[in-house]
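Trainee: protein_39.txt is the file, holding compact mmCIF, C-alpha atoms:
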```
# COMPACT_ATOMS: atom_id res chain seq x y z
CA MET A 7 0.00 0.00 0.00
CA PRO A 8 1.43 3.44 -0.90
CA GLN A 9 2.93 5.34 2.02
CA ALA A 10 1.36 8.67 2.95
CA PHE A 11 3.13 11.78 4.24
CA ASP A 12 2.06 15.34 4.94
CA ILE A 13 4.68 16.82 2.61
CA ILE A 14 7.19 15.38 0.15
CA VAL A 15 10.40 17.26 -0.70
CA LEU A 16 12.07 16.41 -4.02
CA GLY A 17 15.81 17.11 -3.94
CA ILE A 18 17.83 17.19 -0.71
CA GLY A 19 20.62 19.56 -1.69
CA GLY A 20 21.12 23.03 -0.23
CA CYS A 21 17.51 24.24 -0.21
CA GLY A 22 15.85 20.84 0.03
CA SER A 23 17.80 19.78 3.12
CA ALA A 24 16.92 23.12 4.74
CA ALA A 25 13.24 22.73 3.86
CA CYS A 26 13.20 19.23 5.36
CA ALA A 27 14.79 20.56 8.56
CA HIS A 28 12.31 23.44 8.92
CA LEU A 29 9.33 21.21 8.19
CA ALA A 30 10.44 18.49 10.58
CA ARG A 31 10.95 21.02 13.37
CA ARG A 32 7.29 22.00 12.94
CA GLY A 33 6.15 18.44 13.53
CA VAL A 34 5.23 17.81 9.90
CA ARG A 35 5.51 14.25 8.63
CA VAL A 36 7.96 14.92 5.82
CA LEU A 37 9.60 12.63 3.28
CA GLY A 38 12.69 13.83 1.41
CA LEU A 39 13.78 12.08 -1.79
CA GLU A 40 17.23 12.51 -3.37
CA GLN A 41 18.52 10.74 -6.48
CA PHE A 42 22.15 10.90 -5.28
CA GLY A 43 23.85 10.48 -1.91
CA PRO A 44 23.98 12.99 0.98
CA ALA A 45 25.89 16.23 0.24
CA HIS A 46 26.74 14.93 -3.24
CA ASP A 47 28.80 16.66 -5.93
CA ARG A 48 26.49 16.13 -8.91
CA GLY A 49 24.51 19.37 -8.69
CA SER A 50 25.09 22.84 -7.25
CA SER A 51 25.64 22.45 -3.49
CA HIS A 52 29.24 21.32 -3.27
CA GLY A 53 32.82 22.50 -3.77
CA GLU A 54 33.89 23.21 -0.15
CA THR A 55 32.98 26.91 0.08
CA ARG A 56 30.37 29.49 -0.94
CA ILE A 57 30.56 33.25 -0.39
CA ILE A 58 27.94 34.88 1.83
CA ARG A 59 27.53 38.68 1.80
CA LEU A 60 25.04 41.41 2.65
CA ALA A 61 25.77 44.32 0.26
CA TYR A 62 24.02 42.43 -2.50
CA PHE A 63 24.81 43.99 -5.87
CA GLU A 64 22.30 41.81 -7.72
CA HIS A 65 19.38 43.66 -6.05
CA PRO A 66 18.85 45.33 -2.65
CA ASP A 67 15.58 43.41 -2.16
CA TYR A 68 17.66 40.34 -1.30
CA VAL A 69 19.15 42.00 1.81
CA PRO A 70 16.27 41.26 4.27
CA LEU A 71 16.42 37.62 3.21
CA LEU A 72 20.17 37.62 3.74
CA ARG A 73 19.83 39.04 7.22
CA ARG A 74 17.47 36.23 8.11
CA SER A 75 19.78 33.74 6.41
CA TYR A 76 22.70 34.83 8.61
CA GLN A 77 20.52 34.31 11.69
CA LEU A 78 19.45 30.84 10.58
CA TRP A 79 22.99 29.69 9.76
CA ASP A 80 24.01 30.80 13.24
CA GLU A 81 21.10 28.89 14.78
CA LEU A 82 22.00 25.77 12.80
CA GLU A 83 25.63 26.00 13.94
CA LYS A 84 24.51 26.09 17.55
CA SER A 85 21.94 23.35 17.12
CA ARG A 86 24.39 20.96 15.44
CA SER A 87 27.50 22.11 17.36
CA THR A 88 29.44 22.51 14.14
CA HIS A 89 31.28 25.33 12.37
CA LEU A 90 29.52 26.40 9.16
CA PHE A 91 30.39 30.08 8.59
CA ARG A 92 33.77 31.82 8.55
CA LYS A 93 33.88 35.62 8.50
CA SER A 94 36.72 36.61 6.19
CA GLN A 95 35.54 39.87 4.59
CA LEU A 96 34.83 40.31 0.88
CA LEU A 97 36.67 42.51 -1.60
CA LEU A 98 34.63 43.74 -4.58
CA SER A 99 36.59 45.25 -7.45
CA GLY A 100 35.16 46.75 -10.62
CA PRO A 101 34.50 49.90 -12.64
CA ALA A 102 32.84 52.61 -10.57
CA GLU A 103 29.85 52.57 -12.94
CA GLY A 104 29.78 48.81 -13.29
CA GLU A 105 27.04 46.52 -12.02
CA THR A 106 29.06 45.20 -9.09
CA ILE A 107 30.14 48.45 -7.45
CA ARG A 108 26.97 50.43 -8.20
CA GLY A 109 24.77 47.58 -7.02
CA ALA A 110 26.69 47.02 -3.78
CA LEU A 111 26.66 50.74 -2.96
CA ARG A 112 22.91 50.89 -3.63
CA ALA A 113 22.22 47.94 -1.33
CA ALA A 114 24.47 49.34 1.38
CA LEU A 115 22.77 52.75 1.20
CA GLU A 116 19.20 51.42 1.20
CA HIS A 117 19.83 49.03 4.10
CA GLU A 118 22.44 50.98 6.07
CA LEU A 119 25.08 48.29 5.72
CA THR A 120 28.66 48.62 6.86
CA ILE A 121 31.10 48.78 3.95
CA GLU A 122 34.42 50.47 3.31
CA GLN A 123 35.48 52.07 0.03
CA LEU A 124 39.16 51.55 -0.82
CA THR A 125 41.62 52.53 -3.51
CA ALA A 126 43.97 50.20 -5.36
CA ASP A 127 46.82 51.49 -3.19
CA ASP A 128 44.81 50.75 -0.03
CA VAL A 129 44.36 47.18 -1.19
CA SER A 130 48.05 46.67 -1.97
CA ARG A 131 48.97 47.84 1.54
CA ARG A 132 46.31 45.88 3.41
CA PHE A 133 46.16 42.76 1.27
CA PRO A 134 49.57 42.09 -0.28
CA GLY A 135 49.24 39.71 -3.17
CA ILE A 136 46.04 41.20 -4.58
CA ILE A 137 46.45 43.55 -7.54
CA ILE A 138 43.61 45.90 -8.41
CA PRO A 139 43.34 47.59 -11.83
CA GLU A 140 44.08 51.31 -11.43
CA ASP A 141 40.72 52.33 -12.91
CA HIS A 142 38.71 50.14 -10.52
CA ALA A 143 36.70 51.14 -7.50
CA VAL A 144 36.90 48.81 -4.51
CA ILE A 145 34.45 47.94 -1.72
CA LEU A 146 35.34 45.92 1.35
CA GLU A 147 32.47 44.27 3.21
CA PRO A 148 33.63 43.32 6.72
CA ASP A 149 30.68 41.05 7.63
CA ALA A 150 31.00 38.84 4.58
CA GLY A 151 32.73 35.49 4.48
CA PHE A 152 32.10 31.96 3.36
CA LEU A 153 30.02 28.91 4.21
CA HIS A 154 31.41 25.38 4.32
CA VAL A 155 28.92 24.08 1.81
CA GLU A 156 28.94 20.32 2.36
CA ARG A 157 28.93 20.84 6.13
CA CYS A 158 25.85 23.04 5.75
CA VAL A 159 23.96 20.40 3.77
CA ASP A 160 25.01 17.68 6.20
CA ALA A 161 23.92 19.82 9.16
CA HIS A 162 20.45 20.38 7.70
CA ILE A 163 20.13 16.67 6.90
CA THR A 164 21.09 15.74 10.45
CA GLU A 165 18.73 18.37 11.86
CA ALA A 166 15.86 17.08 9.74
CA GLN A 167 16.44 13.48 10.76
CA ALA A 168 16.79 14.44 14.43
CA HIS A 169 13.27 15.90 14.27
CA GLY A 170 11.74 12.87 12.57
CA ALA A 171 12.07 13.52 8.83
CA GLU A 172 12.36 10.42 6.65
CA LEU A 173 15.09 11.03 4.08
CA ARG A 174 15.85 8.58 1.30
CA PHE A 175 19.00 8.90 -0.77
CA ASN A 176 19.99 7.22 -4.04
CA THR A 177 16.26 7.18 -4.81
CA PRO A 178 15.44 8.75 -8.20
CA VAL A 179 11.90 9.87 -8.93
CA ARG A 180 10.40 8.00 -11.89
CA SER A 181 6.95 9.58 -11.93
CA LEU A 182 5.30 12.65 -10.42
CA VAL A 183 1.51 13.10 -10.57
CA ILE A 184 0.02 16.35 -9.31
CA GLU A 185 -3.69 16.06 -8.53
CA PRO A 186 -5.89 19.03 -7.50
CA ASN A 187 -5.36 18.39 -3.77
CA SER A 188 -2.55 15.88 -3.54
CA VAL A 189 0.57 14.50 -5.18
CA SER A 190 1.89 11.02 -5.93
CA VAL A 191 5.59 10.29 -6.36
CA THR A 192 6.83 6.97 -7.69
CA THR A 193 10.40 5.67 -7.33
CA ASP A 194 11.89 2.37 -8.48
CA ASP A 195 10.51 0.60 -5.43
CA GLU A 196 7.29 2.28 -4.31
CA THR A 197 4.78 5.10 -4.59
CA PHE A 198 4.29 7.85 -2.00
CA HIS A 199 1.31 10.14 -1.49
CA ALA A 200 1.18 13.54 0.21
CA ALA A 201 -1.12 16.50 0.48
CA ARG A 202 1.66 18.90 -0.51
CA LEU A 203 4.91 18.95 -2.42
CA VAL A 204 8.13 20.99 -2.26
CA VAL A 205 10.37 20.89 -5.32
CA THR A 206 14.03 21.80 -4.81
CA ALA A 207 15.51 19.72 -7.59
CA GLY A 208 18.00 22.24 -8.99
CA ALA A 209 19.07 21.38 -12.52
CA TRP A 210 16.42 18.63 -12.70
CA THR A 211 13.49 20.97 -11.96
CA ALA A 212 12.38 21.42 -15.57
CA SER A 213 12.21 17.66 -16.19
CA LEU A 214 10.11 17.14 -13.04
CA LEU A 215 7.79 20.14 -13.45
CA THR A 216 6.89 20.22 -17.11
CA ALA A 217 4.01 22.60 -16.30
CA LEU A 218 6.32 25.30 -14.94
CA GLN A 219 6.37 27.13 -18.32
CA VAL A 220 9.35 29.29 -17.41
CA PRO A 221 12.50 28.45 -19.38
CA LEU A 222 15.36 27.34 -17.15
CA VAL A 223 18.86 27.03 -18.63
CA VAL A 224 21.33 24.69 -16.95
CA SER A 225 24.95 25.82 -17.32
CA ARG A 226 28.18 23.95 -16.62
CA LYS A 227 30.61 25.84 -14.35
CA VAL A 228 34.17 24.95 -13.37
CA LEU A 229 35.57 25.30 -9.86
CA ALA A 230 39.38 25.08 -9.84
CA TRP A 231 42.01 24.88 -7.13
CA PHE A 232 45.47 26.19 -8.06
CA SER A 233 48.74 25.76 -6.24
CA THR A 234 50.08 28.53 -4.03
CA HIS A 235 52.42 28.67 -1.05
CA GLU A 236 52.21 32.41 -0.39
CA PRO A 237 51.42 32.88 3.33
CA THR A 238 49.61 36.15 2.60
CA TYR A 239 46.85 34.24 0.80
CA HIS A 240 45.94 32.13 3.83
CA VAL A 241 42.64 32.81 5.58
CA ASP A 242 44.44 33.12 8.92
CA ALA A 243 46.60 35.90 7.46
CA GLY A 244 43.48 37.98 6.75
CA MET A 245 43.08 37.20 3.06
CA PRO A 246 39.47 38.03 2.08
CA CYS A 247 37.13 36.45 -0.41
CA TYR A 248 37.15 38.45 -3.65
CA PHE A 249 34.99 39.26 -6.66
CA PHE A 250 36.27 41.06 -9.76
CA GLU A 251 34.22 42.59 -12.56
CA LEU A 252 36.55 42.66 -15.56
CA PRO A 253 36.10 43.02 -19.34
CA GLU A 254 36.94 39.33 -19.60
CA GLY A 255 34.19 38.35 -17.17
CA LEU A 256 33.25 38.05 -13.52
CA PHE A 257 35.74 36.13 -11.39
CA TYR A 258 35.63 35.20 -7.72
CA GLY A 259 37.48 33.12 -5.20
CA PHE A 260 38.45 32.38 -1.64
CA PRO A 261 41.43 32.61 0.67
CA SER A 262 43.59 29.53 0.97
CA LEU A 263 42.30 27.19 3.65
CA ASP A 264 45.16 24.68 3.56
CA GLY A 265 48.18 26.86 2.75
CA GLN A 266 48.65 24.99 -0.52
CA SER A 267 45.75 25.88 -2.81
CA MET A 268 43.37 28.68 -3.84
CA LYS A 269 39.89 28.11 -5.23
CA ILE A 270 39.03 30.34 -8.23
CA ALA A 271 35.99 30.33 -10.52
CA GLN A 272 34.29 32.39 -13.21
CA HIS A 273 30.74 33.49 -12.43
CA SER A 274 29.94 34.87 -15.90
CA GLY A 275 29.42 32.96 -19.11
CA VAL A 276 26.91 30.26 -20.01
CA GLU A 277 27.76 26.77 -21.25
CA PRO A 278 24.33 25.16 -21.70
CA VAL A 279 23.84 21.58 -20.57
CA ALA A 280 21.21 19.52 -22.36
CA ASP A 281 21.09 16.77 -19.75
CA PRO A 282 22.34 17.49 -16.21
CA SER A 283 22.73 13.77 -15.61
CA ALA A 284 25.25 13.54 -18.48
CA VAL A 285 27.28 16.73 -17.98
CA ASN A 286 30.95 16.62 -18.98
CA ARG A 287 32.88 16.53 -15.71
CA ASP A 288 36.31 16.42 -17.32
CA ILE A 289 38.32 19.61 -17.68
CA SER A 290 39.93 21.15 -20.73
CA PRO A 291 42.44 23.95 -21.41
CA ASP A 292 39.53 26.16 -22.46
CA ASP A 293 38.08 25.76 -18.97
CA ILE A 294 41.30 26.72 -17.24
CA LEU A 295 42.83 29.46 -19.40
CA PRO A 296 40.46 32.26 -18.29
CA LEU A 297 41.09 31.41 -14.63
CA VAL A 298 44.86 31.31 -15.13
CA GLY A 299 44.71 34.66 -16.95
CA PHE A 300 42.72 36.21 -14.13
CA ALA A 301 45.10 34.92 -11.46
CA ARG A 302 48.15 36.10 -13.37
CA HIS A 303 46.95 39.71 -13.20
CA ALA A 304 45.06 39.80 -9.90
CA LEU A 305 46.76 37.12 -7.76
CA PRO A 306 50.35 36.80 -9.00
CA GLY A 307 51.33 34.52 -6.12
CA VAL A 308 48.99 31.82 -7.44
CA SER A 309 50.59 29.43 -9.90
CA SER A 310 49.02 27.95 -13.03
CA THR A 311 49.37 24.44 -11.59
CA LEU A 312 45.91 22.92 -11.28
CA LEU A 313 45.57 20.70 -8.21
CA LYS A 314 41.94 19.66 -8.57
CA HIS A 315 38.65 20.73 -10.05
CA SER A 316 34.92 20.20 -9.67
CA ILE A 317 31.96 20.81 -11.97
CA CYS A 318 29.01 22.82 -10.64
CA LEU A 319 25.63 23.40 -12.30
CA TYR A 320 23.96 26.80 -12.47
CA THR A 321 20.21 26.70 -13.15
CA LEU A 322 19.49 30.09 -14.69
CA SER A 323 16.12 31.81 -14.69
CA PRO A 324 15.39 34.22 -17.56
CA ASP A 325 16.37 37.27 -15.45
CA HIS A 326 18.92 35.42 -13.26
CA HIS A 327 16.85 36.06 -10.13
CA PHE A 328 15.42 33.23 -8.05
CA ILE A 329 12.00 31.72 -8.51
CA VAL A 330 10.36 31.08 -5.13
CA ASP A 331 6.62 30.55 -5.24
CA THR A 332 3.75 28.09 -5.44
CA LEU A 333 2.49 26.86 -8.80
CA PRO A 334 -0.42 29.01 -10.05
CA ASP A 335 -2.59 26.01 -10.93
CA ALA A 336 -1.38 23.89 -8.01
CA PRO A 337 -0.90 26.04 -4.88
CA HIS A 338 -0.09 22.92 -2.85
CA VAL A 339 3.19 22.68 -4.80
CA SER A 340 5.97 25.02 -3.61
CA ILE A 341 9.17 25.58 -5.57
CA ALA A 342 12.58 27.16 -5.30
CA CYS A 343 14.50 27.07 -8.56
CA GLY A 344 16.52 29.17 -10.97
CA LEU A 345 18.96 30.19 -8.24
CA SER A 346 21.32 31.21 -11.04
CA GLY A 347 24.61 30.56 -9.32
CA HIS A 348 24.09 32.86 -6.34
CA GLY A 349 21.59 30.95 -4.25
CA PHE A 350 23.40 28.76 -1.76
CA LYS A 351 23.95 31.48 0.83
CA PHE A 352 20.14 31.77 0.99
CA ALA A 353 19.52 28.05 1.52
CA SER A 354 18.75 28.42 5.21
CA VAL A 355 16.12 31.11 4.70
CA LEU A 356 14.69 29.57 1.53
CA GLY A 357 14.13 26.40 3.53
CA GLU A 358 12.12 28.45 6.00
CA VAL A 359 10.16 30.16 3.21
CA LEU A 360 9.33 26.84 1.58
CA ALA A 361 8.18 25.43 4.91
CA ASP A 362 5.93 28.49 5.33
CA LEU A 363 4.45 28.11 1.85
CA ALA A 364 3.91 24.39 2.26
CA THR A 365 2.23 24.60 5.66
CA GLU A 366 0.57 28.03 5.68
CA GLN A 367 0.34 28.92 1.95
CA ARG A 368 2.02 32.24 2.83
CA THR A 369 5.16 33.69 4.38
CA ASP A 370 6.00 36.90 6.18
CA LEU A 371 9.41 36.98 4.53
CA PRO A 372 9.69 39.39 1.55
CA ILE A 373 9.73 37.13 -1.51
CA GLU A 374 7.26 38.95 -3.75
CA PHE A 375 10.03 40.05 -6.12
CA LEU A 376 10.91 36.37 -6.67
CA SER A 377 7.40 35.25 -7.66
CA LEU A 378 6.36 33.66 -10.93
CA ASN A 379 4.13 36.68 -11.66
CA ARG A 380 7.06 38.60 -13.12
CA PHE A 381 7.12 36.22 -16.09
CA SER A 382 3.39 36.48 -16.84
CA HIS A 383 4.03 38.78 -19.81
CA CYS A 384 6.37 36.31 -21.47
```
Take the structure from the file and write it as C-alpha cells.

Mentor:
Amino acid sequence: MPQAFDIIVLGIGGCGSAACAHLARRGVRVLGLEQFGPAHDRGSSHGETRIIRLAYFEHPDYVPLLRRSYQLWDELEKSRSTHLFRKSQLLLSGPAEGETIRGALRAALEHELTIEQLTADDVSRRFPGIIIPEDHAVILEPDAGFLHVERCVDAHITEAQAHGAELRFNTPVRSLVIEPNSVSVTTDDETFHAARLVVTAGAWTASLLTALQVPLVVSRKVLAWFSTHEPTYHVDAGMPCYFFELPEGLFYGFPSLDGQSMKIAQHSGVEPVADPSAVNRDISPDDILPLVGFARHALPGVSSTLLKHSICLYTLSPDHHFIVDTLPDAPHVSIACGLSGHGFKFASVLGEVLADLATEQRTDLPIEFLSLNRFSHC
C-alpha cells in the first residue's frame, strides 16, 4: 500500500535539506527524496565553500532575506555544534559605474550596511598579493565570508532526521503526478502520497515540473584549485574572499584554507547543458585558461598548476533572479529554482520560506520580487 506523508520534498541539496529541517521542526511528517547520496557533488551544493555577503549587488531586495539567512545559519551552527560560517571579509573590485560596485553601494545605502570604500593602493597595503586595476573602485564588506557548503547540507540533513524527517538517498523519482489536492511520487521501489509537495531539484526541476512554463537554462561551471604557497593568501593571514568585474568576465574566489591551494571560478558565461545527468565533468584547457589569466593579473602569487577541479551546475532563470513561489494552478506545490549561481547562501532562509508556503500557503518573509508573476508577460 502506498505510504502517505504530509509533505514530500524532491531534492535534498542546499535548499531541500533546509526545507526538510524546517518542516520536521514543525512536527510535519515529511519525506525527502534525493537521487544521489547525501551532500553529493552532482549538482550545485558542493565545492567546499560558498561566499555569503550582505551588500548584494544583484538587487537590494535580497538584503532582508540575507539578514534572516545569517541568523538561521548561526542557529544551525549552535543546534548541530558545528562550524559552518567563517567571516573573512569580501573585496569587490570593478568599474565605478559597473554593475558590481553600483549595485553594492545601492544595497548598502538602502539598508544601512557597513562597507568600506578603498583605492587600489589601499588594497596593496592591506592585502599584499592582490592587484587591483588602477581604474577600478573597490568595496570591502567586513561582515561577509564563506560557508562550508557540504557541512551546511550535512547539518540540515542531520537536523531534519533528528526531528523525525524520513530522508531517502539514491532514490530517483520515476513519476510525479500532481492532482488538485494531492501528489503522488513513484520511485523504483514504491509510490508515495502527500497532500503537498516541495520541489528543490535544482538542474532537474524542468524535467520534473513540465508545467512550470518558465524556461530554465542549466549551465556547466568549473571550480578550480590552483597551487600557491604564499602565506599572505591564507585565511588566517586575513586574506578576504574576492569578486572582480573585468572586461573578460566576472571572477571570484576564496582565501587559501590549507596553505597549498586557492579556489578560483568564473561566475559569468553560459555553457548550456542539455542533460544534467550527463554533464561533462572532465576539464579542458579552455576551462582553465580564463582562470589562469585572471590569477596572473590579480593574484600573481597563485601558480598555473591545477591541483583539482569540480563541476558545478547553475540553473538560470530568464532574469537570473530566483523563482520562489507556489504553482499558479497547483498552490499545494511550492518551488525554489533558478537560483542562477548565487543561491546557496540563501539556503537556510529559503528552507524556512518553503516550509511556510507548504504549511501556511504564505510567508512573512519578503519574496514577492521572486514570484512567478514577473514572467506572466512572457

Trainee: In Å to one decimal, how far is CA of Leu16 (chain A) from CA of Tyr68 (chain A)?

Mentor: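 Going from CA of Tyr68 (chain A) over to CA of Leu16 (chain A) covers 24.7 Å.
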
Trainee: Ranking A:Glu277, A:Ile136, A:Thr206, A:Gly151 by minimum distance to Tyr239 (chain A) and counting only C-alpha atoms, which one comes first?

Mentor: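 When distances to Tyr239 (chain A) are compared using only C-alpha atoms, the smallest one comes from A:Ile136.
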
Trainee: Measuring between all atoms listed in the file, which one of A:Ser50, A:Ser23, A:Ser283, A:Ser213 shows the shortest distance to Cys158 (chain A)?

Mentor: A:Ser23

Trainee: As a compact mmCIF listing (two decimals) with C-alpha atoms, in the coordinates of the input, please: the residues near Val285 (chain A) (cut-off 12 Å, only C-alpha atoms, same-chain neighbours under 3 positions excluded).

Mentor:
```
# COMPACT_ATOMS: atom_id res chain seq x y z
CA ARG A 48 26.49 16.13 -8.91
CA GLY A 49 24.51 19.37 -8.69
CA ALA A 209 19.07 21.38 -12.52
CA VAL A 224 21.33 24.69 -16.95
CA SER A 225 24.95 25.82 -17.32
CA ARG A 226 28.18 23.95 -16.62
CA LYS A 227 30.61 25.84 -14.35
CA VAL A 228 34.17 24.95 -13.37
CA GLU A 277 27.76 26.77 -21.25
CA PRO A 278 24.33 25.16 -21.70
CA VAL A 279 23.84 21.58 -20.57
CA ALA A 280 21.21 19.52 -22.36
CA ASP A 281 21.09 16.77 -19.75
CA PRO A 282 22.34 17.49 -16.21
CA ASP A 288 36.31 16.42 -17.32
CA ILE A 289 38.32 19.61 -17.68
CA SER A 316 34.92 20.20 -9.67
CA ILE A 317 31.96 20.81 -11.97
CA CYS A 318 29.01 22.82 -10.64
CA LEU A 319 25.63 23.40 -12.30
CA TYR A 320 23.96 26.80 -12.47
```

Trainee: Taking into account all atoms listed in the file, which residue in the set A:Gly53, A:Pro253, A:Pro324, A:Pro70 is nearest to Val220 (chain A)?

Mentor: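 Of A:Gly53, A:Pro253, A:Pro324, A:Pro70, the one nearest Val220 (chain A) is A:Pro324, counting all atoms listed in the file.
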
Trainee: Can you list, as a list in words, every protein, DNA or RNA residue that comes within 8 Å of region 119-132 of chain A when you count only C-alpha atoms, leaving out same-chain residues fewer than 6 positions away?

Mentor: Leu60, Ala61, Ala113, Ile138, Pro139, Glu140, His142, Ala143, Val144, Ile145, Leu146, Glu147, Pro148 and Asp149 of chain A

Trainee: Output C-alpha atoms for every residue in the selection just made, as an mmCIF file, in the coordinates of the input.

Mentor:
```
data_model
loop_
_atom_site.group_PDB
_atom_site.id
_atom_site.type_symbol
_atom_site.label_atom_id
_atom_site.label_comp_id
_atom_site.auth_asym_id
_atom_site.auth_seq_id
_atom_site.Cartn_x
_atom_site.Cartn_y
_atom_site.Cartn_z
ATOM 1 C CA LEU A 60 25.040 41.410 2.650
ATOM 2 C CA ALA A 61 25.770 44.320 0.260
ATOM 3 C CA ALA A 113 22.220 47.940 -1.330
ATOM 4 C CA ILE A 138 43.610 45.900 -8.410
ATOM 5 C CA PRO A 139 43.340 47.590 -11.830
ATOM 6 C CA GLU A 140 44.080 51.310 -11.430
ATOM 7 C CA HIS A 142 38.710 50.140 -10.520
ATOM 8 C CA ALA A 143 36.700 51.140 -7.500
ATOM 9 C CA VAL A 144 36.900 48.810 -4.510
ATOM 10 C CA ILE A 145 34.450 47.940 -1.720
ATOM 11 C CA LEU A 146 35.340 45.920 1.350
ATOM 12 C CA GLU A 147 32.470 44.270 3.210
ATOM 13 C CA PRO A 148 33.630 43.320 6.720
ATOM 14 C CA ASP A 149 30.680 41.050 7.630
#
```

Trainee: Residues at most 12 Å from Gly43 (chain A), counting only C-alpha atoms, excluding those fewer than 2 positions away in the same chain, as a ChimeraX atom specification?

Mentor: /A:17-19,39-41,45-49,156,159-160,163,173-178

Trainee: Distance table requested - region 10-29 of chain A against region 350-360 of chain A, cut-off 6 Å, only C-alpha atoms: one row per qualifying residue with the closest atom pair and its distance in Å to one decimal, ordered by chain and rising residue number, as a Markdown table.

Mentor:
```
| residue | atom | partner | partner_atom | distance |
| --- | --- | --- | --- | --- |
| A:Gly20 | CA | A:Ala353 | CA | 5.6 |
| A:Cys21 | CA | A:Ala353 | CA | 4.6 |
| A:Ala24 | CA | A:Gly357 | CA | 4.5 |
| A:Ala25 | CA | A:Gly357 | CA | 3.8 |
| A:His28 | CA | A:Glu358 | CA | 5.8 |
```

Trainee: Compile the contact shell of region 80-85 of chain A as a list in words: residues with an atom at most 9 Å away, counting all atoms listed in the file, same-chain residues fewer than 3 positions apart removed.

Mentor: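 Selected residues are Ser75, Tyr76, Gln77, Thr88, His89, Leu90, Phe91, Cys158, Ala161, His162, Glu165 and Ser354 of chain A.
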
Trainee: Around all listed atoms of region 12-30 of chain A, padded 5 Å per side, what centre and edge lengths does the axis-aligned box have in Å to one decimal, as AutoDock Vina command-line options?

Mentor:
```
--center_x 11.6 --center_y 19.8 --center_z 3.3 --size_x 29.1 --size_y 18.9 --size_z 24.6
```

Trainee: Nearest to Ala336 (chain A): which of A:Asn286, A:His235, A:Glu54, A:Gln367 is it, counting all atoms listed in the file?

Mentor: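 The shortest atom-to-atom distance to Ala336 (chain A) comes from A:Gln367.
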
Trainee: Just the residues within 12 Å of Ala200 (chain A), please, counting only C-alpha atoms, with nothing from its chain fewer than 2 positions along; format it as a ChimeraX atom specification.

Mentor: /A:8-15,34-38,182-192,197-198,202-204,338-339,364
